[in-house]
>>> print(open('data_11.tsv').read())   # TSV, C-alpha atoms
chain	number	residue	atom	x	y	z
E	1300	MET	CA	-0.74	-27.19	18.03
E	1301	MET	CA	0.88	-30.36	16.79
E	1302	GLU	CA	-0.58	-33.80	16.11
E	1303	THR	CA	0.79	-37.25	15.49
E	1304	THR	CA	-0.64	-40.73	15.15
E	1305	GLY	CA	0.90	-43.90	16.45
E	1306	LYS	CA	0.57	-47.10	18.43
E	1307	VAL	CA	0.96	-47.05	22.22
E	1308	ILE	CA	3.99	-49.23	22.99
E	1309	GLN	CA	4.60	-48.37	26.64
E	1310	LEU	CA	2.77	-46.86	29.62
E	1311	LEU	CA	5.04	-45.53	32.36
E	1312	ALA	CA	4.10	-45.41	36.03
E	1313	GLU	CA	2.07	-42.47	37.25
E	1314	GLN	CA	4.06	-39.85	39.17
E	1315	THR	CA	2.60	-37.70	41.94
E	1316	GLY	CA	3.85	-34.92	44.10
E	1317	GLU	CA	3.09	-31.81	46.08
E	1318	GLY	CA	3.90	-28.37	44.71
E	1319	ARG	CA	3.15	-24.84	45.82
E	1320	ASN	CA	-0.17	-25.05	43.92
E	1321	GLY	CA	-1.19	-28.30	45.63
E	1322	LYS	CA	-1.03	-31.95	44.62
E	1323	TRP	CA	-0.15	-32.91	41.05
E	1324	ARG	CA	0.01	-36.13	39.03
E	1325	LYS	CA	1.55	-36.98	35.69
E	1326	ARG	CA	1.75	-40.09	33.50
E	1327	GLU	CA	4.00	-40.65	30.48
E	1328	TYR	CA	3.21	-42.76	27.43
E	1329	VAL	CA	5.39	-43.87	24.52
E	1330	ILE	CA	3.96	-44.23	21.02
E	1331	GLU	CA	5.58	-45.42	17.82
E	1332	THR	CA	4.60	-43.64	14.61
E	1333	SER	CA	3.68	-45.56	11.47
E	1334	GLU	CA	5.88	-43.63	9.04
E	1335	GLN	CA	8.40	-45.20	6.67
E	1336	TYR	CA	11.00	-44.63	9.41
E	1337	PRO	CA	9.00	-45.02	12.65
E	1338	LYS	CA	9.80	-42.71	15.54
E	1339	LYS	CA	9.18	-43.26	19.22
E	1340	ILE	CA	7.67	-40.29	21.06
E	1341	CYS	CA	7.24	-39.99	24.82
E	1342	PHE	CA	4.42	-37.63	25.81
E	1343	ASN	CA	2.68	-36.93	29.08
E	1344	LEU	CA	-0.76	-36.24	30.45
E	1345	TRP	CA	-1.34	-34.22	33.62
E	1346	GLY	CA	-4.08	-34.37	36.25
E	1347	ASP	CA	-7.61	-35.30	35.20
E	1348	LYS	CA	-6.55	-35.82	31.57
E	1349	ILE	CA	-5.01	-39.15	32.68
E	1350	ASP	CA	-8.52	-40.43	33.50
E	1351	GLN	CA	-10.17	-38.59	30.61
E	1352	PHE	CA	-8.01	-40.35	27.98
E	1353	PRO	CA	-7.46	-43.95	29.15
E	1354	MET	CA	-5.00	-45.93	26.98
E	1355	LYS	CA	-3.46	-49.37	26.92
E	1356	GLU	CA	-0.53	-50.88	25.04
E	1357	GLY	CA	-1.42	-51.64	21.44
E	1358	ASP	CA	-3.99	-48.82	21.10
E	1359	SER	CA	-3.72	-46.72	17.93
E	1360	VAL	CA	-4.10	-43.09	18.95
E	1361	LYS	CA	-4.01	-39.57	17.53
E	1362	VAL	CA	-2.33	-37.24	20.00
E	1363	SER	CA	-2.67	-33.44	20.01
E	1364	PHE	CA	0.14	-31.86	21.99
E	1365	ASP	CA	2.29	-28.83	22.70
E	1366	ILE	CA	6.09	-28.89	22.96
E	1367	GLU	CA	7.90	-26.64	25.40
E	1368	SER	CA	11.54	-26.49	26.50
E	1369	ARG	CA	12.93	-24.97	29.68
E	1370	GLU	CA	16.47	-24.28	30.82
E	1371	PHE	CA	17.57	-25.22	34.34
E	1372	ASN	CA	21.19	-24.94	35.55
E	1373	GLY	CA	22.54	-24.80	32.00
E	1374	ARG	CA	20.63	-27.85	30.78
E	1375	TRP	CA	17.51	-27.88	28.60
E	1376	TYR	CA	14.47	-30.06	29.30
E	1377	THR	CA	11.75	-30.62	26.70
E	1378	ASP	CA	8.18	-31.44	27.64
E	1379	VAL	CA	5.68	-32.99	25.20
E	1380	LYS	CA	2.37	-32.24	26.93
E	1381	ALA	CA	-0.73	-33.83	25.36
E	1382	TRP	CA	-4.03	-32.04	25.71
E	1383	LYS	CA	-6.18	-34.40	23.62
E	1384	VAL	CA	-5.95	-38.10	22.73
E	1385	GLU	CA	-8.32	-39.84	20.30
E	1386	ASN	CA	-8.69	-43.39	19.06
E	1387	ALA	CA	-6.91	-43.22	15.68
E	1388	SER	CA	-9.28	-45.65	13.95
E	1389	LYS	CA	-12.19	-43.31	14.72
E	1390	SER	CA	-10.38	-40.02	14.05
E	1391	SER	CA	-8.66	-40.71	10.73
E	1392	SER	CA	-9.35	-42.74	7.65
E	1393	SER	CA	-5.74	-42.85	6.49
E	1394	SER	CA	-4.34	-46.33	5.99
E	1395	GLN	CA	-1.70	-47.39	8.44
E	1396	GLN	CA	0.96	-49.98	7.83
E	1397	PRO	CA	0.70	-53.09	10.00
E	1398	ALA	CA	2.78	-52.80	13.15
E	1399	GLU	CA	4.48	-56.15	12.57
E	1400	GLN	CA	6.50	-54.55	9.75
E	1401	PHE	CA	8.41	-52.49	12.32
E	1402	ASP	CA	11.07	-53.65	14.70
E	1403	SER	CA	10.10	-52.15	18.04
E	1404	SER	CA	12.93	-53.81	19.95
E	1405	ASN	CA	14.61	-51.86	22.67
E	1406	ASP	CA	18.13	-51.98	21.16
E	1407	ALA	CA	18.43	-48.18	21.05
E	1408	PRO	CA	20.27	-46.49	23.94
E	1409	ASP	CA	18.14	-44.82	26.61
E	1410	PHE	CA	18.68	-41.05	26.41
E	1411	SER	CA	15.97	-40.13	28.89
E	1412	ALA	CA	16.93	-37.97	31.81
E	1413	PRO	CA	16.32	-39.27	35.32
E	1414	PRO	CA	12.95	-38.15	36.70
E	1415	LEU	CA	13.07	-34.76	38.34
E	1416	THR	CA	11.57	-34.22	41.75
E	1417	GLU	CA	9.56	-31.14	42.61
E	1418	ASP	CA	12.60	-29.81	44.52
E	1419	ASP	CA	14.75	-29.94	41.35
E	1420	LEU	CA	12.54	-27.57	39.39
E	1421	PRO	CA	12.86	-23.78	39.68
E	1422	PHE	CA	9.21	-23.17	38.75
>>> encode(input="data_11.tsv", output="C-alpha coordinates")
Amino acid sequence: MMETTGKVIQLLAEQTGEGRNGKWRKREYVIETSEQYPKKICFNLWGDKIDQFPMKEGDSVKVSFDIESREFNGRWYTDVKAWKVENASKSSSSSQQPAEQFDSSNDAPDFSAPPLTEDDLPF
(Lines of atoms letter the chains of each structure in order from A and count residues from 1; the text may use other names and numbers.)
(Lines give C-alpha, C1' and ligand atoms only; values in the text may rest on other atoms or scores of the structure.)
Protein backbone atom coordinates (compact mmCIF):
# COMPACT_ATOMS: atom_id res chain seq x y z
CA MET A 1 0.00 0.00 0.00
CA MET A 2 1.22 3.47 -0.85
CA GLU A 3 -0.17 6.89 0.05
CA THR A 4 0.39 10.43 -1.10
CA THR A 5 -1.22 13.78 -0.46
CA GLY A 6 -1.75 16.51 -3.00
CA LYS A 7 -4.07 18.97 -4.68
CA VAL A 8 -6.32 17.84 -7.54
CA ILE A 9 -5.22 19.84 -10.59
CA GLN A 10 -7.03 17.98 -13.37
CA LEU A 11 -9.95 15.59 -13.85
CA LEU A 12 -9.87 13.63 -17.09
CA ALA A 13 -12.96 12.40 -18.92
CA GLU A 14 -14.51 9.14 -17.80
CA GLN A 15 -13.78 6.17 -20.06
CA THR A 16 -16.15 3.25 -20.55
CA GLY A 17 -16.05 0.01 -22.43
CA GLU A 18 -17.18 -3.57 -22.70
CA GLY A 19 -14.87 -6.42 -21.73
CA ARG A 20 -15.31 -10.15 -21.34
CA ASN A 21 -16.42 -9.55 -17.72
CA GLY A 22 -19.05 -6.98 -18.74
CA LYS A 23 -19.13 -3.19 -18.80
CA TRP A 24 -16.35 -1.20 -17.15
CA ARG A 25 -15.65 2.47 -16.44
CA LYS A 26 -12.53 4.32 -15.40
CA ARG A 27 -11.66 7.95 -14.59
CA GLU A 28 -8.20 9.46 -14.22
CA TYR A 29 -7.21 12.33 -11.94
CA VAL A 30 -3.98 14.34 -11.69
CA ILE A 31 -2.73 15.63 -8.34
CA GLU A 32 0.27 17.78 -7.52
CA THR A 33 2.14 16.96 -4.31
CA SER A 34 3.15 19.67 -1.85
CA GLU A 35 6.78 18.63 -1.42
CA GLN A 36 9.77 20.93 -1.86
CA TYR A 37 9.89 19.72 -5.47
CA PRO A 38 6.23 19.05 -6.34
CA LYS A 39 5.41 16.04 -8.47
CA LYS A 40 2.38 15.46 -10.64
CA ILE A 41 0.79 12.03 -10.32
CA CYS A 42 -1.96 10.62 -12.53
CA PHE A 43 -4.05 7.95 -10.80
CA ASN A 44 -7.30 6.25 -11.67
CA LEU A 45 -10.48 5.04 -10.05
CA TRP A 46 -12.52 2.16 -11.46
CA GLY A 47 -16.25 1.41 -11.34
CA ASP A 48 -18.26 2.44 -8.28
CA LYS A 49 -15.20 4.05 -6.64
CA ILE A 50 -15.65 6.97 -9.07
CA ASP A 51 -18.97 7.80 -7.37
CA GLN A 52 -17.77 6.81 -3.90
CA PHE A 53 -14.90 9.35 -3.94
CA PRO A 54 -16.16 12.49 -5.76
CA MET A 55 -13.44 15.11 -6.37
CA LYS A 56 -13.13 18.49 -8.02
CA GLU A 57 -10.17 20.61 -9.08
CA GLY A 58 -8.56 22.35 -6.12
CA ASP A 59 -9.47 19.64 -3.57
CA SER A 60 -6.67 18.57 -1.22
CA VAL A 61 -6.75 14.78 -1.02
CA LYS A 62 -4.90 11.84 0.50
CA VAL A 63 -4.82 8.96 -1.97
CA SER A 64 -4.17 5.31 -1.07
CA PHE A 65 -3.14 3.36 -4.14
CA ASP A 66 -1.38 0.35 -5.62
CA ILE A 67 1.10 0.50 -8.51
CA GLU A 68 1.28 -2.27 -11.06
CA SER A 69 3.14 -2.57 -14.37
CA ARG A 70 2.35 -4.89 -17.26
CA GLU A 71 4.24 -5.72 -20.43
CA PHE A 72 2.44 -5.80 -23.77
CA ASN A 73 4.24 -6.24 -27.12
CA GLY A 74 7.61 -5.29 -25.63
CA ARG A 75 6.35 -2.11 -23.97
CA TRP A 76 5.61 -1.59 -20.28
CA TYR A 77 2.48 0.15 -18.98
CA THR A 78 2.17 1.33 -15.38
CA ASP A 79 -1.16 1.67 -13.63
CA VAL A 80 -1.66 3.75 -10.46
CA LYS A 81 -4.97 2.38 -9.17
CA ALA A 82 -6.48 4.22 -6.18
CA TRP A 83 -8.61 2.26 -3.77
CA LYS A 84 -9.28 5.02 -1.22
CA VAL A 85 -9.40 8.83 -1.42
CA GLU A 86 -9.86 11.09 1.62
CA ASN A 87 -10.13 14.82 2.11
CA ALA A 88 -6.57 15.73 3.19
CA SER A 89 -7.66 18.45 5.62
CA LYS A 90 -9.67 15.85 7.56
CA SER A 91 -7.17 12.99 7.32
CA SER A 92 -3.90 14.69 8.25
CA SER A 93 -2.80 17.49 10.49
CA SER A 94 0.49 18.10 8.70
CA SER A 95 0.99 21.63 7.44
CA GLN A 96 0.95 22.06 3.71
CA GLN A 97 2.62 24.83 1.79
CA PRO A 98 0.24 27.16 -0.04
CA ALA A 99 -0.33 26.06 -3.63
CA GLU A 100 0.46 29.51 -5.02
CA GLN A 101 4.15 28.89 -4.24
CA PHE A 102 4.26 26.26 -6.99
CA ASP A 103 4.26 26.79 -10.71
CA SER A 104 1.70 24.34 -12.05
CA SER A 105 2.02 25.50 -15.64
CA ASN A 106 1.85 22.92 -18.36
CA ASP A 107 5.31 23.63 -19.84
CA ALA A 108 6.49 20.05 -19.31
CA PRO A 109 6.26 17.68 -22.30
CA ASP A 110 3.37 15.22 -22.32
CA PHE A 111 4.77 11.69 -21.91
CA SER A 112 1.43 9.97 -21.52
CA ALA A 113 0.66 7.10 -23.82
CA PRO A 114 -2.43 7.29 -26.02
CA PRO A 115 -5.46 5.66 -24.37
CA LEU A 116 -5.67 1.96 -24.99
CA THR A 117 -8.88 0.38 -26.16
CA GLU A 118 -10.14 -2.90 -24.79
CA ASP A 119 -8.96 -4.59 -28.02
CA ASP A 120 -5.36 -3.45 -27.40
CA LEU A 121 -5.04 -5.25 -24.08
CA PRO A 122 -4.11 -8.93 -23.84
CA PHE A 123 -5.91 -9.41 -20.51
>>> residues_around(input="data_11.tsv", residues="Asn1343 in chain E", least_positions_apart="5", cutoff="10 Å", atoms="only C-alpha atoms", output="list of chain:residue names")
E:Leu1310, E:Leu1311, E:Glu1313, E:Lys1325, E:Arg1326, E:Glu1327, E:Tyr1328, E:Val1329, E:Lys1348, E:Ile1349, E:Phe1364, E:Asp1378, E:Val1379, E:Lys1380, E:Ala1381, E:Trp1382
>>> residues_around(input="data_11.tsv", residues="Thr1315 in chain E", least_positions_apart="5", cutoff="8 Å", atoms="only C-alpha atoms", output="VMD selection string")
chain E and resid 1322 to 1325
>>> atom_distance(input="data_11.tsv", atom1="CA of Thr1332 in chain E", atom2="CA of Pro1353 in chain E")
18.9 Å
>>> atom_distance(input="data_11.tsv", atom1="CA of Phe1342 in chain E", atom2="CA of Gly1316 in chain E")
18.5 Å
>>> atom_distance(input="data_11.tsv", atom1="CA of Ser1368 in chain E", atom2="CA of Leu1344 in chain E")
16.2 Å
>>> decode(input="data_11.tsv", residues="range 1337-1385 of chain E", atoms="N, CA and C atoms", output="mmCIF file, in the first residue's frame")
data_model
loop_
_atom_site.group_PDB
_atom_site.id
_atom_site.type_symbol
_atom_site.label_atom_id
_atom_site.label_comp_id
_atom_site.auth_asym_id
_atom_site.auth_seq_id
_atom_site.Cartn_x
_atom_site.Cartn_y
_atom_site.Cartn_z
ATOM 1 N N PRO E 1337 7.530 19.687 -6.099
ATOM 2 C CA PRO E 1337 6.227 19.049 -6.339
ATOM 3 C C PRO E 1337 6.266 18.109 -7.540
ATOM 4 N N LYS E 1338 5.528 17.025 -7.400
ATOM 5 C CA LYS E 1338 5.408 16.042 -8.475
ATOM 6 C C LYS E 1338 3.942 15.956 -8.879
ATOM 7 N N LYS E 1339 3.723 15.697 -10.155
ATOM 8 C CA LYS E 1339 2.376 15.463 -10.643
ATOM 9 C C LYS E 1339 2.199 13.955 -10.786
ATOM 10 N N ILE E 1340 1.072 13.456 -10.293
ATOM 11 C CA ILE E 1340 0.790 12.028 -10.316
ATOM 12 C C ILE E 1340 -0.595 11.820 -10.904
ATOM 13 N N CYS E 1341 -0.673 10.982 -11.925
ATOM 14 C CA CYS E 1341 -1.957 10.621 -12.528
ATOM 15 C C CYS E 1341 -2.356 9.265 -11.958
ATOM 16 N N PHE E 1342 -3.536 9.211 -11.331
ATOM 17 C CA PHE E 1342 -4.046 7.949 -10.796
ATOM 18 C C PHE E 1342 -5.450 7.739 -11.333
ATOM 19 N N ASN E 1343 -5.966 6.521 -11.166
ATOM 20 C CA ASN E 1343 -7.304 6.251 -11.674
ATOM 21 C C ASN E 1343 -8.165 5.563 -10.634
ATOM 22 N N LEU E 1344 -9.459 5.739 -10.827
ATOM 23 C CA LEU E 1344 -10.477 5.039 -10.051
ATOM 24 C C LEU E 1344 -11.309 4.231 -11.032
ATOM 25 N N TRP E 1345 -11.730 3.049 -10.605
ATOM 26 C CA TRP E 1345 -12.522 2.157 -11.456
ATOM 27 C C TRP E 1345 -13.905 1.954 -10.862
ATOM 28 N N GLY E 1346 -14.898 1.807 -11.729
ATOM 29 C CA GLY E 1346 -16.250 1.412 -11.341
ATOM 30 C C GLY E 1346 -16.904 2.330 -10.325
ATOM 31 N N ASP E 1347 -17.501 1.708 -9.300
ATOM 32 C CA ASP E 1347 -18.256 2.442 -8.284
ATOM 33 C C ASP E 1347 -17.393 3.384 -7.447
ATOM 34 N N LYS E 1348 -16.082 3.171 -7.417
ATOM 35 C CA LYS E 1348 -15.200 4.046 -6.641
ATOM 36 C C LYS E 1348 -15.215 5.478 -7.193
ATOM 37 N N ILE E 1349 -15.552 5.637 -8.479
ATOM 38 C CA ILE E 1349 -15.653 6.973 -9.074
ATOM 39 C C ILE E 1349 -16.726 7.771 -8.342
ATOM 40 N N ASP E 1350 -17.876 7.140 -8.079
ATOM 41 C CA ASP E 1350 -18.974 7.802 -7.375
ATOM 42 C C ASP E 1350 -18.725 7.869 -5.871
ATOM 43 N N GLN E 1351 -18.029 6.884 -5.343
ATOM 44 C CA GLN E 1351 -17.766 6.810 -3.903
ATOM 45 C C GLN E 1351 -16.822 7.917 -3.441
ATOM 46 N N PHE E 1352 -15.891 8.334 -4.303
ATOM 47 C CA PHE E 1352 -14.901 9.355 -3.943
ATOM 48 C C PHE E 1352 -14.981 10.538 -4.913
ATOM 49 N N PRO E 1353 -16.046 11.344 -4.844
ATOM 50 C CA PRO E 1353 -16.156 12.485 -5.761
ATOM 51 C C PRO E 1353 -15.076 13.532 -5.456
ATOM 52 N N MET E 1354 -14.488 14.097 -6.519
ATOM 53 C CA MET E 1354 -13.442 15.115 -6.369
ATOM 54 C C MET E 1354 -13.674 16.218 -7.372
ATOM 55 N N LYS E 1355 -13.112 17.386 -7.065
ATOM 56 C CA LYS E 1355 -13.128 18.492 -8.024
ATOM 57 C C LYS E 1355 -11.759 19.168 -7.980
ATOM 58 N N GLU E 1356 -11.451 19.918 -9.031
ATOM 59 C CA GLU E 1356 -10.165 20.611 -9.080
ATOM 60 C C GLU E 1356 -10.036 21.515 -7.868
ATOM 61 N N GLY E 1357 -8.831 21.527 -7.289
ATOM 62 C CA GLY E 1357 -8.559 22.346 -6.115
ATOM 63 C C GLY E 1357 -8.693 21.605 -4.803
ATOM 64 N N ASP E 1358 -9.330 20.427 -4.790
ATOM 65 C CA ASP E 1358 -9.474 19.639 -3.566
ATOM 66 C C ASP E 1358 -8.112 19.132 -3.104
ATOM 67 N N SER E 1359 -7.853 19.192 -1.803
ATOM 68 C CA SER E 1359 -6.667 18.566 -1.222
ATOM 69 C C SER E 1359 -7.076 17.171 -0.778
ATOM 70 N N VAL E 1360 -6.360 16.159 -1.275
ATOM 71 C CA VAL E 1360 -6.749 14.781 -1.021
ATOM 72 C C VAL E 1360 -5.561 13.938 -0.575
ATOM 73 N N LYS E 1361 -5.877 12.876 0.152
ATOM 74 C CA LYS E 1361 -4.904 11.837 0.499
ATOM 75 C C LYS E 1361 -5.348 10.591 -0.250
ATOM 76 N N VAL E 1362 -4.482 10.074 -1.101
ATOM 77 C CA VAL E 1362 -4.820 8.959 -1.975
ATOM 78 C C VAL E 1362 -4.050 7.709 -1.544
ATOM 79 N N SER E 1363 -4.776 6.621 -1.321
ATOM 80 C CA SER E 1363 -4.168 5.311 -1.069
ATOM 81 C C SER E 1363 -4.274 4.526 -2.364
ATOM 82 N N PHE E 1364 -3.148 3.971 -2.824
ATOM 83 C CA PHE E 1364 -3.139 3.356 -4.142
ATOM 84 C C PHE E 1364 -2.156 2.199 -4.221
ATOM 85 N N ASP E 1365 -2.309 1.423 -5.270
ATOM 86 C CA ASP E 1365 -1.381 0.351 -5.623
ATOM 87 C C ASP E 1365 -0.802 0.683 -6.987
ATOM 88 N N ILE E 1366 0.444 0.306 -7.215
ATOM 89 C CA ILE E 1366 1.100 0.504 -8.506
ATOM 90 C C ILE E 1366 1.380 -0.866 -9.098
ATOM 91 N N GLU E 1367 1.024 -1.012 -10.370
ATOM 92 C CA GLU E 1367 1.283 -2.275 -11.060
ATOM 93 C C GLU E 1367 1.703 -1.978 -12.496
ATOM 94 N N SER E 1368 2.687 -2.716 -12.982
ATOM 95 C CA SER E 1368 3.138 -2.570 -14.369
ATOM 96 C C SER E 1368 2.907 -3.878 -15.110
ATOM 97 N N ARG E 1369 2.565 -3.727 -16.398
ATOM 98 C CA ARG E 1369 2.349 -4.888 -17.264
ATOM 99 C C ARG E 1369 3.083 -4.676 -18.571
ATOM 100 N N GLU E 1370 3.560 -5.778 -19.141
ATOM 101 C CA GLU E 1370 4.242 -5.715 -20.431
ATOM 102 C C GLU E 1370 3.273 -6.161 -21.522
ATOM 103 N N PHE E 1371 3.261 -5.437 -22.631
ATOM 104 C CA PHE E 1371 2.442 -5.796 -23.773
ATOM 105 C C PHE E 1371 3.205 -5.441 -25.039
ATOM 106 N N ASN E 1372 3.504 -6.437 -25.866
ATOM 107 C CA ASN E 1372 4.244 -6.244 -27.120
ATOM 108 C C ASN E 1372 5.565 -5.496 -26.912
ATOM 109 N N GLY E 1373 6.293 -5.874 -25.874
ATOM 110 C CA GLY E 1373 7.606 -5.289 -25.633
ATOM 111 C C GLY E 1373 7.599 -3.921 -24.982
ATOM 112 N N ARG E 1374 6.448 -3.422 -24.629
ATOM 113 C CA ARG E 1374 6.352 -2.111 -23.974
ATOM 114 C C ARG E 1374 5.679 -2.278 -22.617
ATOM 115 N N TRP E 1375 6.132 -1.501 -21.634
ATOM 116 C CA TRP E 1375 5.607 -1.587 -20.279
ATOM 117 C C TRP E 1375 4.628 -0.453 -20.018
ATOM 118 N N TYR E 1376 3.521 -0.803 -19.357
ATOM 119 C CA TYR E 1376 2.479 0.154 -18.981
ATOM 120 C C TYR E 1376 2.300 0.096 -17.473
ATOM 121 N N THR E 1377 2.311 1.256 -16.828
ATOM 122 C CA THR E 1377 2.174 1.330 -15.378
ATOM 123 C C THR E 1377 0.823 1.919 -15.021
ATOM 124 N N ASP E 1378 0.171 1.284 -14.070
ATOM 125 C CA ASP E 1378 -1.163 1.671 -13.633
ATOM 126 C C ASP E 1378 -1.096 2.075 -12.163
ATOM 127 N N VAL E 1379 -1.574 3.276 -11.844
ATOM 128 C CA VAL E 1379 -1.658 3.750 -10.458
ATOM 129 C C VAL E 1379 -3.144 3.707 -10.101
ATOM 130 N N LYS E 1380 -3.552 2.626 -9.447
ATOM 131 C CA LYS E 1380 -4.969 2.383 -9.172
ATOM 132 C C LYS E 1380 -5.281 2.734 -7.715
ATOM 133 N N ALA E 1381 -6.081 3.799 -7.526
ATOM 134 C CA ALA E 1381 -6.476 4.218 -6.182
ATOM 135 C C ALA E 1381 -7.588 3.320 -5.668
ATOM 136 N N TRP E 1382 -7.539 3.035 -4.375
ATOM 137 C CA TRP E 1382 -8.610 2.258 -3.767
ATOM 138 C C TRP E 1382 -9.266 3.018 -2.629
ATOM 139 N N LYS E 1383 -8.683 4.183 -2.269
ATOM 140 C CA LYS E 1383 -9.282 5.017 -1.222
ATOM 141 C C LYS E 1383 -8.807 6.450 -1.430
ATOM 142 N N VAL E 1384 -9.736 7.417 -1.313
ATOM 143 C CA VAL E 1384 -9.404 8.830 -1.418
ATOM 144 C C VAL E 1384 -10.094 9.538 -0.264
ATOM 145 N N GLU E 1385 -9.324 10.340 0.479
ATOM 146 C CA GLU E 1385 -9.860 11.087 1.618
ATOM 147 C C GLU E 1385 -9.573 12.569 1.445
#
